[in-house]
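All remarks here apply to the structure that follows.
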2 protein chains.
Amino acid sequence: MTPSPEPLGDLSRFSINQMTVKQLPMPELVDACLELGVPGVGLWRGPVRSHGLERTAKLVREAGLAVTTLCRGGFLTAADPAGRTEALDDNRRAVDEAATLGTDTLVLVSGGLPAGSRDLHGARERIADALGELGPYAGERGVRLAVEPLHPMYAADRCVVSTLTQALDLAERFPAHQVGVAVDTYHLWWDDRAPAEIARAGAAGRIHTFQLADWTTPLPEGVLNGRGQLGDGSVDLREWRGYVEAAGYTGPVEVELFNDALWARDGREVLAETAARFLEHTA
Amino acid sequence: MTPSPEPLGDLSRFSINQMTVKQLPMPELVDACLELGVPGVGLWRGPVRSHGLERTAKLVREAGLAVTTLCRGGFLTAADPAGRTEALDDNRRAVDEAATLGTDTLVLVSGGLPAGSRDLHGARERIADALGELGPYAGERGVRLAVEPLHPMYAADRCVVSTLTQALDLAERFPAHQVGVAVDTYHLWWDDRAPAEIARAGAAGRIHTFQLADWTTPLPEGVLNGRGQLGDGSVDLREWRGYVEAAGYTGPVEVELFNDALWARDGREVLAETAARFLEHTA
């Protein structure tokens with residue numbers, strides 16, 4: 001299938017997280033967005049670094065693309081002073097990169113348990129401590145930190161923040177222009193408390209990004225790269241978009257899929273399909 | 001390693017779920033329990049059927065082993081009348097089998113979303129409807145239904161009941177001698193609300209079984225058979241045993257591991273190791 005140059009529909013709220021089509025080099029990603037009428041991209045630090053930070057900033061700026069988020073900072077759970085200092089330094093760099101790219105949102109994946117630790121509560125408190133240092137730094141640069149609750153299956157090794165409740169409890173210790181949350185359907189769809197927490201987040205102006213992925217099974221080994229294309233799984237995406245909009249969210253809706261099968265395909269085709277699915281399942 | 005006939009320590013609360021050592025045929029499982037001083041077993045319907053229901057009941061009774069649970073009933077989310085009738089019939093048979101085996105607890109895995117459905121709430125309500133029919137049937141036969149919340153990673157395909165809160169909300173619609181909950185560390189360890197919910201369950205006399213498994217990563221494909229041996233993972237098992245005991249639970253502590261690596265080993269060796277780990281990590 002060749003991506004159609006015809007407009008697909010109203011994509012004004014749509015943003016493609018570049019991980020969804022990571023097979024596309026940065027210039028081709030930008031070109032494909034322009035061709036399809038995709039107005040926004042979520043970028044990742046790795047590919048930005050590969051293409052060059054300033055060069056990427058110039059590329060997207062001249063293309064008129066909005067950078068809806070930068071992914072990602074975080075990994076703030078180290079218990080040792082050296083690990084903690086290193087993490088804070090890296091997160092300050094991530095904030096700087098976000099500012100250079102012109103995005104107002106840095107997504108944080110908080111980090112898992114340090115090796116040998118079983119103390120989830122202590123790890124969460126270290127995240128709070130780190131946010132206390134990073135929040136003002138980010139706020140001064142016009143960047144908001146978005147604490148992303150990850151699905152509980154990642155609690156040990158990637159992110160001890162497993163629910164929107166926990167993420168908000170952390171964020172609310174700080175001003176909303178410094179720290180808010182990321183709402184991602186893949187991580188939250190199972191949680192019957194999440195709709196009420198979305199309302200709580202929206203009322204506080206703390207929904208800093210809204211991301212979509214569908215839930216498909218069986219999960220692959222390591223459970224990282226099995227996020228489903230929109231419409232292929234168990235998540236009522238229209239319902240979840242309704243929750244964030246009822247909570248006052250009017251920002252971009254970013255589609256972030258980690259999926260080996262999608263990565264094996266032509267990236268432009270996947271982008272066109274994703275935009276079409278976005279319209280079919282959320283508009 | 002040959003299992004030691006020496007007593008390992010105080011195993012009076014320990015029970016081995018037979019899935020942990022599913023390589024052991026029923027008579028050998030019973031023999032190994034007697035040799036190690038393991039006083040209880042959790043049984044599964046499949047192996048019980050293979051060995052014969054009455055024959056198994058006689059075997060464990062004559063050995064003086066307690067049957068701490070029967071696993072499992074459930075799968076109560078079918079939306080079509082035929083599927084629903086079939087599920088209820090099967091669960092009544094499971095209750096009868098539990099009564100014959102002399103256990104007072106039937107564990108329920110509630111079931112996932114029906115094919116094509118995205119309605120978690122509706123599926124949970126159908127479980128409540130089914131419990132309304134099955135609870136009295138079970139209660140009359142001296143069997144308690146234990147609704148088991150499964151980890152949220154199973155919400156789509158195995159169990160739409162993902163938290164202890166949801167399980168208790170279901171159970172509390174019925175008398176405690178009919179319906180309670182299963183508390184399994186593998187499924188709940190990530191949830192910072194679970195300790196308070198354990199207290200709630202205990203106060204209502206609804207902790208019908210307490211099961212242990214550790215959380216290890218990376219998760220295997222399909223995420224079914226990667227439950228960690230006690231002490232190998234991220235769960236503070238002693239802390240969780242403390243929660244159920246503070247809630248007044250004085251019953252058996254069942255170890256239920258689904259683990260390909262353990263299944264590939266000598267079953268008696270795995271049983272001895274599991275008993276030793278139980279003492280090391282929870283006593």
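Each chain in the structure tokens gets a letter, A, B and so on, in the order shown; residues start at 1 in every chain, and ligands are counted from 1 in the order they appear.
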Give me the residues within 8 Å of Leu59 of chain A as a JSON list (two decimals) with N, CA and C atoms, in the first residue's frame, counting only C-alpha atoms and dropping any in the same chain fewer than 4 places off.
```
[["chain", "number", "residue", "atom", "x", "y", "z"],
["A", 27, "PRO", "N", 14.65, 12.49, 8.90],
["A", 27, "PRO", "CA", 14.12, 13.30, 7.79],
["A", 27, "PRO", "C", 12.94, 12.63, 7.09],
["A", 30, "VAL", "N", 9.78, 13.12, 9.17],
["A", 30, "VAL", "CA", 9.23, 14.47, 8.98],
["A", 30, "VAL", "C", 8.54, 14.57, 7.63],
["A", 55, "ARG", "N", 20.13, 19.99, 14.81],
["A", 55, "ARG", "CA", 19.69, 19.68, 13.45],
["A", 55, "ARG", "C", 18.25, 19.18, 13.45],
["A", 63, "ALA", "N", 9.76, 22.45, 9.25],
["A", 63, "ALA", "CA", 8.63, 21.69, 8.68],
["A", 63, "ALA", "C", 7.30, 22.12, 9.27]]
```
7 Å contacts from chain A to chain B using only C-alpha atoms, as JSON, numbers by chain | {"A": [117, 118, 152, 153, 155, 156, 190, 218, 219, 220, 221, 222, 223, 234, 235, 236]}
Please identify all polymer residues within 7 Å of Phe75 of chain A, counting only C-alpha atoms, omitting same-chain residues fewer than 4 positions from it, and present them as a list in words.
->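 What passes the distance filter is Ala87, Val109, Ser110 and Gly111 of chain A.
For the atom pair formed by atom CA of Val107 of chain B and atom CA of Arg49 of chain B, the distance is 16.7 Å, given to one decimal.
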What are the DSSP strand (DSSP E or B) residues of segment 8-251 of chain A, as a ChimeraX atom specification?
-> /A:14-17,40-44,66-74,105-109,111,144-147,159,179-184,207-212,214-215,226-228
Between B:Trp44, B:Thr185, B:Gly251, B:Ala130, which has the minimum distance to Glu86 of chain B (counting only C-alpha atoms)?
->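 Checking each candidate against Glu86 of chain B, we get B:Ala130 as the closest.
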Non-local contacts of segment 100-104 of chain A (8 Å; only C-alpha atoms; under 4 positions in same chain excluded) as an MDAnalysis selection string = chainID A and resid 53:54 56:57 66:70 96 142:144
Selected residues written out with C-alpha atoms, as a short mmCIF file (atom, residue, chain, number, x, y, z; two decimals), in the first residue's frame:
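Written out: again_25.cif:
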```cif
data_model
loop_
_atom_site.label_atom_id
_atom_site.label_comp_id
_atom_site.auth_asym_id
_atom_site.auth_seq_id
_atom_site.Cartn_x
_atom_site.Cartn_y
_atom_site.Cartn_z
CA LEU A 53 19.90 17.84 18.53
CA GLU A 54 20.14 21.23 16.84
CA THR A 56 16.54 17.90 14.56
CA ALA A 57 15.19 21.07 16.16
CA ALA A 66 4.90 20.37 16.72
CA VAL A 67 7.08 18.31 19.02
CA THR A 68 4.41 17.06 21.39
CA THR A 69 6.70 15.26 23.84
CA LEU A 70 10.27 14.23 24.36
CA ASP A 96 17.56 21.09 28.07
CA GLY A 142 9.25 26.02 30.11
CA VAL A 143 9.28 22.25 30.30
CA ARG A 144 6.74 20.19 32.25
#
```
Backbone DSSP call of alpha helix (DSSP H) for segment 76-213 of chain B, listed as a ChimeraX atom specification | /B:81-101,120-140,164-171,185-188,194-203
What lies within 12 Å of Val270 of chain B using only C-alpha atoms, ignoring chain neighbours under 3 positions off, as a ChimeraX atom specification?
-> /B:1-3,16,18-24,29,32-33,36,229-230,255,257,259-267,273-278
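Computed from the coordinates, the atom CA of Gly139 of chain B to atom CA of Ala201 of chain B distance equals 18.3 Å.
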Can you list, as JSON, numbers by chain, every protein, DNA or RNA residue that comes within 9 Å of Glu172 of chain A when you count only C-alpha atoms, leaving out same-chain residues fewer than 5 positions away?
-> {"A": [167, 179, 180, 204, 206]}
